[in-house]
>>> print(open('protein20.txt').read())   # compact mmCIF, C-alpha atoms and all ligand atoms
# COMPACT_ATOMS: atom_id res chain seq x y z
CA MET X 54 0.00 0.00 0.00
CA VAL X 55 2.84 2.38 0.87
CA THR X 56 4.40 1.61 -2.53
CA VAL X 57 1.20 2.64 -4.30
CA TYR X 58 1.16 5.94 -2.41
CA ILE X 59 4.80 6.58 -3.37
CA ILE X 60 4.13 5.81 -7.05
CA ILE X 61 1.05 8.09 -7.04
CA GLY X 62 3.11 10.79 -5.31
CA LEU X 63 5.94 10.57 -7.87
CA PHE X 64 3.37 10.67 -10.66
CA GLY X 65 1.95 13.81 -9.04
CA LEU X 66 5.42 15.42 -8.87
CA CYS X 67 5.95 14.83 -12.60
CA PHE X 68 2.50 16.19 -13.37
CA GLY X 69 3.31 19.21 -11.22
CA SER X 70 6.44 19.83 -13.27
CA PHE X 71 4.26 20.05 -16.39
CA LEU X 72 1.73 22.26 -14.56
CA ASN X 73 4.58 24.69 -13.80
CA VAL X 74 5.15 25.07 -17.53
CA CYS X 75 1.41 25.72 -18.03
CA ILE X 76 1.33 28.25 -15.16
CA SER X 77 4.29 30.27 -16.41
CA ARG X 78 3.50 30.14 -20.14
CA LEU X 79 -0.27 30.00 -20.69
CA PRO X 80 -1.05 33.50 -19.32
CA LYS X 81 1.50 34.92 -21.78
CA GLY X 82 -0.04 33.00 -24.64
CA GLU X 83 3.14 30.94 -25.15
CA SER X 84 3.36 27.34 -26.34
CA ILE X 85 3.58 24.73 -23.58
CA VAL X 86 5.56 22.36 -25.84
CA LEU X 87 8.36 24.49 -27.28
CA PRO X 88 10.85 25.92 -26.58
CA ARG X 89 12.40 23.74 -23.86
CA SER X 90 12.56 25.21 -20.37
CA HIS X 91 15.36 27.70 -19.89
CA CYS X 92 16.65 30.02 -17.21
CA PRO X 93 14.84 33.37 -17.44
CA ARG X 94 18.09 35.29 -16.84
CA CYS X 95 20.95 33.51 -18.61
CA ASN X 96 18.68 31.69 -21.09
CA HIS X 97 20.61 28.42 -20.63
CA ALA X 98 18.42 25.42 -21.46
CA ILE X 99 17.68 23.43 -18.32
CA ARG X 100 19.53 20.09 -18.41
CA TRP X 101 17.35 17.01 -17.98
CA TYR X 102 19.08 16.10 -14.70
CA ASP X 103 18.36 19.59 -13.37
CA ASN X 104 14.70 19.20 -14.27
CA ILE X 105 13.79 16.45 -11.82
CA PRO X 106 10.80 17.58 -9.76
CA LEU X 107 11.57 18.74 -6.21
CA ILE X 108 14.96 16.92 -6.11
CA SER X 109 16.69 19.30 -8.54
CA TYR X 110 15.50 22.32 -6.61
CA LEU X 111 17.01 20.88 -3.43
CA VAL X 112 20.25 19.76 -5.12
CA LEU X 113 20.73 23.16 -6.78
CA ARG X 114 19.66 24.85 -3.53
CA GLY X 115 17.16 26.92 -5.45
CA ARG X 116 19.62 28.52 -7.88
CA CYS X 117 20.35 28.28 -11.62
CA ARG X 118 23.39 26.02 -12.24
CA ASP X 119 24.82 28.50 -14.75
CA CYS X 120 24.17 32.01 -13.47
CA HIS X 121 23.09 31.24 -9.88
CA VAL X 122 20.00 33.43 -10.09
CA PRO X 123 17.46 32.24 -7.46
CA ILE X 124 14.75 29.94 -8.86
CA SER X 125 11.25 30.79 -7.64
CA PRO X 126 10.17 28.52 -4.76
CA LEU X 127 6.86 28.43 -6.59
CA TYR X 128 8.10 25.59 -8.82
CA PRO X 129 8.79 23.03 -6.08
CA SER X 130 5.62 24.21 -4.29
CA VAL X 131 3.42 23.45 -7.30
CA GLU X 132 5.10 20.06 -7.67
CA ALA X 133 4.57 19.18 -4.02
CA LEU X 134 0.97 20.41 -4.12
CA SER X 135 0.22 18.32 -7.22
CA ALA X 136 1.62 15.24 -5.51
CA LEU X 137 -0.47 15.98 -2.40
CA VAL X 138 -3.70 16.45 -4.38
CA MET X 139 -2.99 13.28 -6.35
CA ILE X 140 -2.41 11.27 -3.15
CA LEU X 141 -5.54 12.66 -1.45
CA THR X 142 -7.62 11.90 -4.57
CA PHE X 143 -6.35 8.33 -4.46
CA ARG X 144 -7.20 8.10 -0.76
CA VAL X 145 -10.78 9.20 -1.38
CA TYR X 146 -11.56 7.45 -4.66
CA GLY X 147 -9.08 4.56 -4.88
CA LEU X 148 -7.65 3.58 -8.26
CA GLY X 149 -10.31 3.70 -10.93
CA PRO X 150 -12.16 5.95 -13.38
CA GLU X 151 -13.17 8.34 -10.60
CA PHE X 152 -9.54 8.81 -9.62
CA ILE X 153 -8.72 9.83 -13.20
CA LYS X 154 -11.65 12.26 -13.31
CA TYR X 155 -10.95 13.99 -9.99
CA ALA X 156 -7.16 13.94 -10.35
CA LEU X 157 -7.51 15.70 -13.71
CA LEU X 158 -9.90 18.23 -12.19
CA GLY X 159 -7.37 18.83 -9.40
CA MET X 160 -4.54 19.39 -11.90
CA LEU X 161 -6.62 21.83 -13.99
CA LEU X 162 -7.59 23.71 -10.83
CA ILE X 163 -3.98 23.96 -9.63
CA VAL X 164 -3.06 25.67 -12.91
CA LEU X 165 -5.96 28.14 -12.57
CA ILE X 166 -5.29 28.76 -8.85
CA PHE X 167 -1.76 29.92 -9.71
CA THR X 168 -2.40 31.78 -12.98
CA ASP X 169 -5.07 33.80 -11.17
CA LEU X 170 -2.84 34.34 -8.13
CA LEU X 171 0.25 35.37 -10.13
CA ASP X 172 -1.18 37.02 -13.24
CA ARG X 173 -4.90 37.53 -12.44
CA ARG X 174 -5.63 35.35 -15.42
CA ILE X 175 -7.81 32.31 -15.91
CA PRO X 176 -6.86 31.10 -19.40
CA HIS X 177 -9.77 30.03 -21.57
CA VAL X 178 -7.62 27.21 -23.03
CA ILE X 179 -7.77 25.49 -19.65
CA THR X 180 -11.42 26.23 -18.79
CA ILE X 181 -12.79 25.31 -22.25
CA PHE X 182 -10.75 22.11 -22.21
CA GLY X 183 -12.00 21.45 -18.67
CA ILE X 184 -15.66 22.07 -19.53
CA SER X 185 -15.43 19.64 -22.46
CA LEU X 186 -13.66 17.09 -20.28
CA GLY X 187 -16.25 17.43 -17.50
CA LEU X 188 -19.13 16.92 -19.94
CA LEU X 189 -17.38 13.92 -21.48
CA PHE X 190 -16.80 12.34 -18.05
CA SER X 191 -20.49 12.80 -17.17
CA PHE X 192 -21.32 10.11 -19.76
CA PHE X 193 -19.19 7.55 -17.91
CA ILE X 194 -19.02 8.60 -14.28
CA PRO X 195 -22.32 9.62 -12.64
CA VAL X 196 -22.58 13.31 -11.72
CA ASP X 197 -24.79 14.21 -8.77
CA ASP X 198 -28.17 15.08 -10.37
CA ARG X 199 -29.67 16.59 -7.21
CA PRO X 200 -31.77 18.71 -6.90
CA LEU X 201 -32.75 18.14 -10.54
CA GLY X 202 -33.78 14.53 -9.85
CA TRP X 203 -36.03 15.67 -6.98
CA ILE X 204 -37.72 18.32 -9.11
CA PHE X 205 -38.28 15.97 -12.04
CA ARG X 206 -39.57 13.22 -9.74
CA HIS X 207 -42.04 15.74 -8.36
CA TRP X 208 -43.34 16.13 -11.91
CA GLY X 209 -43.47 12.38 -12.42
CA ILE X 210 -40.40 12.31 -14.66
CA PHE X 211 -37.77 9.80 -13.63
CA LEU X 212 -34.35 10.63 -14.98
CA ASP X 213 -31.90 7.79 -14.64
CA GLY X 214 -28.47 6.67 -15.74
CA ILE X 215 -26.59 8.66 -18.34
CA PRO X 216 -29.27 11.34 -19.02
CA ALA X 217 -29.49 12.10 -15.31
CA SER X 218 -25.71 12.36 -15.02
CA VAL X 219 -25.31 14.60 -18.08
CA ALA X 220 -28.22 16.78 -16.90
CA GLY X 221 -26.49 17.06 -13.52
CA ALA X 222 -23.29 18.25 -15.21
CA VAL X 223 -25.03 20.75 -17.50
CA VAL X 224 -27.22 22.26 -14.79
CA GLY X 225 -24.26 22.25 -12.41
CA ALA X 226 -22.36 24.35 -14.95
CA LEU X 227 -25.25 26.76 -15.51
CA VAL X 228 -25.87 27.21 -11.79
CA GLY X 229 -22.14 27.62 -11.10
CA GLY X 230 -21.56 30.16 -13.86
CA GLY X 231 -24.83 32.01 -13.36
CA LEU X 232 -24.87 32.26 -9.61
CA PHE X 233 -21.29 33.41 -9.66
CA TYR X 234 -22.33 36.86 -10.81
CA ALA X 235 -24.44 37.47 -7.72
CA VAL X 236 -21.90 36.22 -5.21
CA GLY X 237 -18.96 37.69 -7.10
CA GLU X 238 -20.64 41.06 -7.15
CA ALA X 239 -21.25 40.90 -3.39
CA PHE X 240 -17.69 39.73 -2.73
CA TYR X 241 -16.08 42.61 -4.56
CA HIS X 242 -18.52 45.11 -3.14
CA TRP X 243 -17.76 43.88 0.36
CA GLY X 244 -14.03 43.90 -0.33
CA GLY X 245 -14.38 47.51 -1.57
CA LYS X 246 -13.30 46.50 -5.05
CA GLU X 247 -13.98 48.08 -8.43
CA LYS X 248 -15.93 45.95 -10.84
CA GLU X 249 -13.18 45.70 -13.42
CA TYR X 250 -11.74 42.64 -11.70
CA LEU X 251 -14.99 40.72 -11.96
CA GLY X 252 -13.63 38.67 -14.80
CA PHE X 253 -15.33 36.32 -17.18
CA GLY X 254 -12.55 33.88 -16.32
CA ASP X 255 -14.15 33.22 -12.92
CA VAL X 256 -17.45 32.42 -14.61
CA MET X 257 -15.64 30.00 -16.94
CA LEU X 258 -13.94 28.40 -13.94
CA MET X 259 -17.32 27.84 -12.28
CA LEU X 260 -18.81 26.42 -15.50
CA MET X 261 -15.94 23.94 -15.50
CA VAL X 262 -16.37 23.04 -11.82
CA GLY X 263 -20.13 22.62 -12.40
CA THR X 264 -19.67 20.01 -15.13
CA PHE X 265 -17.44 17.94 -12.85
CA LEU X 266 -19.28 18.30 -9.54
CA GLY X 267 -23.01 18.83 -10.24
CA VAL X 268 -25.23 21.37 -8.47
CA PRO X 269 -24.79 20.68 -4.71
CA LEU X 270 -20.99 20.61 -4.65
CA THR X 271 -20.79 23.56 -7.06
CA LEU X 272 -22.89 25.63 -4.69
CA MET X 273 -20.65 24.49 -1.85
CA THR X 274 -17.61 25.62 -3.85
CA ILE X 275 -19.05 29.12 -4.32
CA LEU X 276 -20.05 29.30 -0.66
CA LEU X 277 -16.69 28.11 0.71
CA GLY X 278 -14.66 30.12 -1.81
CA SER X 279 -16.55 33.35 -1.11
CA PHE X 280 -16.57 32.97 2.66
CA GLY X 281 -12.96 31.88 2.82
CA GLY X 282 -11.89 34.62 0.44
CA SER X 283 -13.89 37.32 2.23
CA ILE X 284 -12.62 36.33 5.66
CA LEU X 285 -9.03 36.35 4.43
CA ALA X 286 -9.47 39.65 2.57
CA LEU X 287 -11.15 41.37 5.54
CA THR X 288 -8.58 40.04 8.01
CA MET X 289 -5.62 41.08 5.88
CA THR X 290 -7.10 44.52 5.25
CA ALA X 291 -7.73 44.97 8.98
CA ILE X 292 -4.15 43.96 9.80
CA ASN X 293 -2.48 45.98 7.06
CA SER X 294 -4.03 48.94 5.24
CA ARG X 295 -1.72 48.19 2.32
CA PHE X 296 -4.27 45.57 1.29
CA ARG X 297 -7.04 48.15 0.91
CA GLY X 298 -7.88 48.21 -2.77
CA TYR X 299 -5.85 45.04 -3.41
CA ALA X 300 -7.30 42.95 -6.24
CA TRP X 301 -7.98 39.62 -4.55
CA PRO X 302 -7.75 36.61 -6.85
CA PHE X 303 -11.27 35.25 -6.50
CA GLY X 304 -10.48 32.38 -8.89
CA THR X 305 -7.74 31.20 -6.54
CA PHE X 306 -10.22 30.95 -3.65
CA LEU X 307 -12.80 29.21 -5.87
CA GLY X 308 -10.15 26.76 -7.11
CA ILE X 309 -9.07 25.81 -3.59
CA ALA X 310 -12.73 25.45 -2.54
CA ALA X 311 -13.47 23.25 -5.58
CA ILE X 312 -10.58 20.90 -4.75
CA TYR X 313 -11.91 20.65 -1.19
CA ALA X 314 -15.46 20.02 -2.45
CA ALA X 315 -14.27 17.33 -4.87
CA LEU X 316 -12.36 15.52 -2.13
CA ASN X 317 -14.40 16.06 1.01
CA GLY X 318 -17.60 17.80 -0.11
CA ASN X 319 -19.92 14.81 -0.07
CA TRP X 320 -19.08 14.14 3.55
CA LEU X 321 -19.91 17.76 4.44
CA LEU X 322 -23.04 17.74 2.27
CA ASP X 323 -24.44 14.51 3.73
CA GLY X 324 -23.86 15.84 7.22
CA TYR X 325 -25.70 19.04 6.36
CA LEU X 326 -28.62 17.19 4.77
CA ARG X 327 -28.92 14.86 7.76
CA ILE X 328 -28.88 17.72 10.28
CA SER X 329 -31.39 19.77 8.29
CA GLY X 330 -33.64 16.73 7.81
CA MET X 331 -33.47 16.96 4.02
CA ALA X 332 -31.82 13.57 3.52
CA GLY X 333 -33.65 10.72 1.84
ZN ZN X 401 20.66 31.06 -15.31
>>> encode(input="protein20.txt", output="structure tokens")
Amino acid sequence: MVTVYIIIGLFGLCFGSFLNVCISRLPKGESIVLPRSHCPRCNHAIRWYDNIPLISYLVLRGRCRDCHVPISPLYPSVEALSALVMILTFRVYGLGPEFIKYALLGMLLIVLIFTDLLDRRIPHVITIFGISLGLLFSFFIPVDDRPLGWIFRHWGIFLDGIPASVAGAVVGALVGGGLFYAVGEAFYHWGGKEKEYLGFGDVMLMLMVGTFLGVPLTLMTILLGSFGGSILALTMTAINSRFRGYAWPFGTFLGIAAIYAALNGNWLLDGYLRISGMAG
């Protein structure tokens, strides 16, 4: 069992290495295939043995081998985070189709979390690819069709199997993208923010999350992301006035919340439904 965890972790590190390329190049509209990675200062191509996830950073002590310019600690962080998300996904879903679905969602979200954090960008290449992938997965892996199933059942229509799953994904996307406006508006108003940062990228991100998670967990993502983001923004602004007027990366908060919802959301949701008497 430990061996499996190690293999999954190493796989996650390698994936993270690729995500780093996506994070640094996609917001600039650069190709993620060519040219090969090079040092931003001395332009030296990075040797294959200096490109080993995590290890190389430690061996080189965070500096370029040629010109000794410090390498951003972001790179090993993204690699470690990818490995962690991969391992947690395996813990929750085991090895199977669901692992592939949620691990891919996690990887897409990590890219968006960092492009929004670093460049305030949520590239459409990633979200459009993600939306297509989420819809495709809904044909094979059931998406939560609540509360759609309840409503239809009320009308005497019994959705089942693939149609129910696909409907769950589509409505999840529409609810995620649509409701975002309302909450996003409130968030930025509360944070004292101009509207110009209310980007369409966040809506695309929520459309993507909706196709993967269905309505309940998408709502949970918006709720957790907004609350978490607001609490952090208000606390930081209270501590340091420098943060007044700071453009908070809402997509980063939503991305973190979506990873949480994908991994632990059903547990939280079932608990809520049981306490509120809505289960069954
Ligand atoms: Zn260099």
>>> atom_distance(input="protein20.txt", atom1="atom CA of X:Val55", atom2="atom CA of X:Gly318")
25.6 Å
>>> closest_residue(input="protein20.txt", among="X:Gly308, X:Pro106, X:Gly115, X:Gly82", to="ligand ZN 401 (chain X)", atoms="all atoms listed in the file")
X:Gly115
>>> residues_near_ligand(input="protein20.txt", ligand="ligand ZN 401 (chain X)", cutoff="6 Å", atoms="only C-alpha atoms and all ligand atoms", output="JSON, numbers by chain")
{"X": [92, 94, 95, 97, 117, 119, 120, 121, 122]}
>>> closest_atom_pairs(input="protein20.txt", of="stretch 132-187 of chain X", to="stretch 261-272 of chain X", cutoff="9 Å", atoms="all atoms listed in the file", output="CSV")
residue,atom,partner,partner_atom,distance
X:Lys154,CA,X:Phe265,CA,8.1
X:Tyr155,CA,X:Phe265,CA,8.1
X:Leu158,CA,X:Phe265,CA,7.6
X:Leu162,CA,X:Val262,CA,8.9
X:Thr180,CA,X:Met261,CA,6.0
X:Ile181,CA,X:Met261,CA,7.6
X:Phe182,CA,X:Met261,CA,8.7
X:Gly183,CA,X:Met261,CA,5.6
X:Ile184,CA,X:Met261,CA,4.5
X:Ser185,CA,X:Met261,CA,8.2
X:Leu186,CA,X:Phe265,CA,8.4
X:Gly187,CA,X:Phe265,CA,4.8
>>> atom_distance(input="protein20.txt", atom1="atom CA of X:Ile61", atom2="atom CA of X:Leu321")
25.8 Å
>>> closest_residue(input="protein20.txt", among="X:Leu66, X:Ser109, X:Leu276, X:Val86", to="X:Ala235", atoms="only C-alpha atoms")
X:Leu276
>>> residues_around(input="protein20.txt", residues="X:Leu79", least_positions_apart="3", cutoff="12 Å", atoms="all atoms listed in the file", output="ChimeraX atom specification")
/X:71-76,82-86,164-165,167-169,171-172,174-180
>>> residues_around(input="protein20.txt", residues="X:Val196", least_positions_apart="4", cutoff="6 Å", atoms="only C-alpha atoms", output="ChimeraX atom specification")
/X:191,218,221,267
>>> closest_residue(input="protein20.txt", among="X:Ser77, X:Thr274, X:Thr305, X:Thr290", to="X:Ser125", atoms="all atoms listed in the file")
X:Ser77
>>> residues_around(input="protein20.txt", residues="X:Ala286", least_positions_apart="6", cutoff="10 Å", atoms="all atoms listed in the file", output="ChimeraX atom specification")
/X:240,243-244,280,292,296-297,299-301
>>> closest_atom_pairs(input="protein20.txt", of="stretch 240-317 of chain X", to="stretch 130-150 of chain X", cutoff="10 Å", atoms="only C-alpha atoms", output="Markdown table")
| residue | atom | partner | partner_atom | distance |
| --- | --- | --- | --- | --- |
| X:Ile312 | CA | X:Val138 | CA | 8.2 |
| X:Tyr313 | CA | X:Val138 | CA | 9.8 |
| X:Ala315 | CA | X:Thr142 | CA | 8.6 |
| X:Leu316 | CA | X:Thr142 | CA | 6.4 |
| X:Asn317 | CA | X:Val145 | CA | 8.1 |
>>> atom_distance(input="protein20.txt", atom1="atom CA of X:Pro80", atom2="atom CA of X:Gly252")
14.3 Å
>>> build_atoms(input="protein20.txt", residues="stretch 131-156 of chain X", atoms="N, CA, C and O atoms", output="short mmCIF file (atom, residue, chain, number, x, y, z; two decimals), in the frame of the given file")
data_model
loop_
_atom_site.label_atom_id
_atom_site.label_comp_id
_atom_site.auth_asym_id
_atom_site.auth_seq_id
_atom_site.Cartn_x
_atom_site.Cartn_y
_atom_site.Cartn_z
N VAL X 131 4.46 23.98 -6.40
CA VAL X 131 3.42 23.45 -7.30
C VAL X 131 3.59 21.94 -7.44
O VAL X 131 2.61 21.19 -7.43
N GLU X 132 4.85 21.50 -7.53
CA GLU X 132 5.10 20.06 -7.67
C GLU X 132 4.64 19.31 -6.43
O GLU X 132 3.96 18.28 -6.53
N ALA X 133 4.98 19.84 -5.26
CA ALA X 133 4.57 19.18 -4.02
C ALA X 133 3.05 19.19 -3.87
O ALA X 133 2.45 18.19 -3.47
N LEU X 134 2.43 20.31 -4.23
CA LEU X 134 0.97 20.41 -4.12
C LEU X 134 0.28 19.42 -5.06
O LEU X 134 -0.70 18.76 -4.66
N SER X 135 0.80 19.27 -6.27
CA SER X 135 0.22 18.32 -7.22
C SER X 135 0.31 16.90 -6.67
O SER X 135 -0.65 16.12 -6.78
N ALA X 136 1.46 16.57 -6.09
CA ALA X 136 1.62 15.24 -5.51
C ALA X 136 0.63 15.04 -4.37
O ALA X 136 -0.02 13.99 -4.27
N LEU X 137 0.46 16.07 -3.53
CA LEU X 137 -0.47 15.98 -2.40
C LEU X 137 -1.90 15.76 -2.88
O LEU X 137 -2.61 14.88 -2.38
N VAL X 138 -2.33 16.57 -3.86
CA VAL X 138 -3.70 16.45 -4.38
C VAL X 138 -3.91 15.07 -5.00
O VAL X 138 -4.94 14.43 -4.80
N MET X 139 -2.91 14.59 -5.73
CA MET X 139 -2.99 13.28 -6.35
C MET X 139 -3.15 12.18 -5.28
O MET X 139 -3.98 11.29 -5.41
N ILE X 140 -2.35 12.27 -4.21
CA ILE X 140 -2.41 11.27 -3.15
C ILE X 140 -3.76 11.32 -2.42
O ILE X 140 -4.38 10.28 -2.16
N LEU X 141 -4.25 12.53 -2.13
CA LEU X 141 -5.54 12.66 -1.45
C LEU X 141 -6.68 12.13 -2.33
O LEU X 141 -7.60 11.48 -1.83
N THR X 142 -6.59 12.40 -3.65
CA THR X 142 -7.62 11.90 -4.57
C THR X 142 -7.64 10.37 -4.55
O THR X 142 -8.70 9.74 -4.53
N PHE X 143 -6.45 9.79 -4.53
CA PHE X 143 -6.35 8.33 -4.46
C PHE X 143 -6.94 7.80 -3.15
O PHE X 143 -7.64 6.80 -3.12
N ARG X 144 -6.67 8.51 -2.07
CA ARG X 144 -7.20 8.10 -0.76
C ARG X 144 -8.72 8.07 -0.75
O ARG X 144 -9.35 7.21 -0.16
N VAL X 145 -9.32 9.09 -1.40
CA VAL X 145 -10.78 9.20 -1.38
C VAL X 145 -11.42 8.25 -2.39
O VAL X 145 -12.39 7.57 -2.07
N TYR X 146 -10.87 8.16 -3.59
CA TYR X 146 -11.56 7.45 -4.66
C TYR X 146 -10.93 6.11 -5.03
O TYR X 146 -11.51 5.36 -5.82
N GLY X 147 -9.75 5.79 -4.49
CA GLY X 147 -9.08 4.56 -4.88
C GLY X 147 -8.59 4.67 -6.32
O GLY X 147 -8.66 5.74 -6.91
N LEU X 148 -8.10 3.55 -6.86
CA LEU X 148 -7.65 3.58 -8.26
C LEU X 148 -8.80 3.15 -9.15
O LEU X 148 -9.31 2.06 -9.02
N GLY X 149 -9.21 4.03 -10.04
CA GLY X 149 -10.31 3.70 -10.93
C GLY X 149 -10.66 4.91 -11.76
O GLY X 149 -9.96 5.91 -11.72
N PRO X 150 -11.78 4.83 -12.51
CA PRO X 150 -12.16 5.95 -13.38
C PRO X 150 -12.37 7.26 -12.60
O PRO X 150 -12.02 8.33 -13.09
N GLU X 151 -12.92 7.13 -11.39
CA GLU X 151 -13.17 8.34 -10.60
C GLU X 151 -11.88 9.03 -10.20
O GLU X 151 -11.81 10.26 -10.14
N PHE X 152 -10.84 8.22 -9.94
CA PHE X 152 -9.54 8.81 -9.62
C PHE X 152 -9.05 9.65 -10.80
O PHE X 152 -8.59 10.79 -10.62
N ILE X 153 -9.18 9.10 -12.01
CA ILE X 153 -8.72 9.83 -13.20
C ILE X 153 -9.49 11.14 -13.34
O ILE X 153 -8.91 12.21 -13.54
N LYS X 154 -10.81 11.07 -13.17
CA LYS X 154 -11.65 12.26 -13.31
C LYS X 154 -11.25 13.34 -12.30
O LYS X 154 -10.99 14.49 -12.68
N TYR X 155 -11.19 12.98 -11.02
CA TYR X 155 -10.95 13.99 -9.99
C TYR X 155 -9.49 14.44 -9.92
O TYR X 155 -9.20 15.57 -9.55
N ALA X 156 -8.57 13.53 -10.29
CA ALA X 156 -7.16 13.94 -10.35
C ALA X 156 -6.97 14.97 -11.45
O ALA X 156 -6.29 15.99 -11.26
#
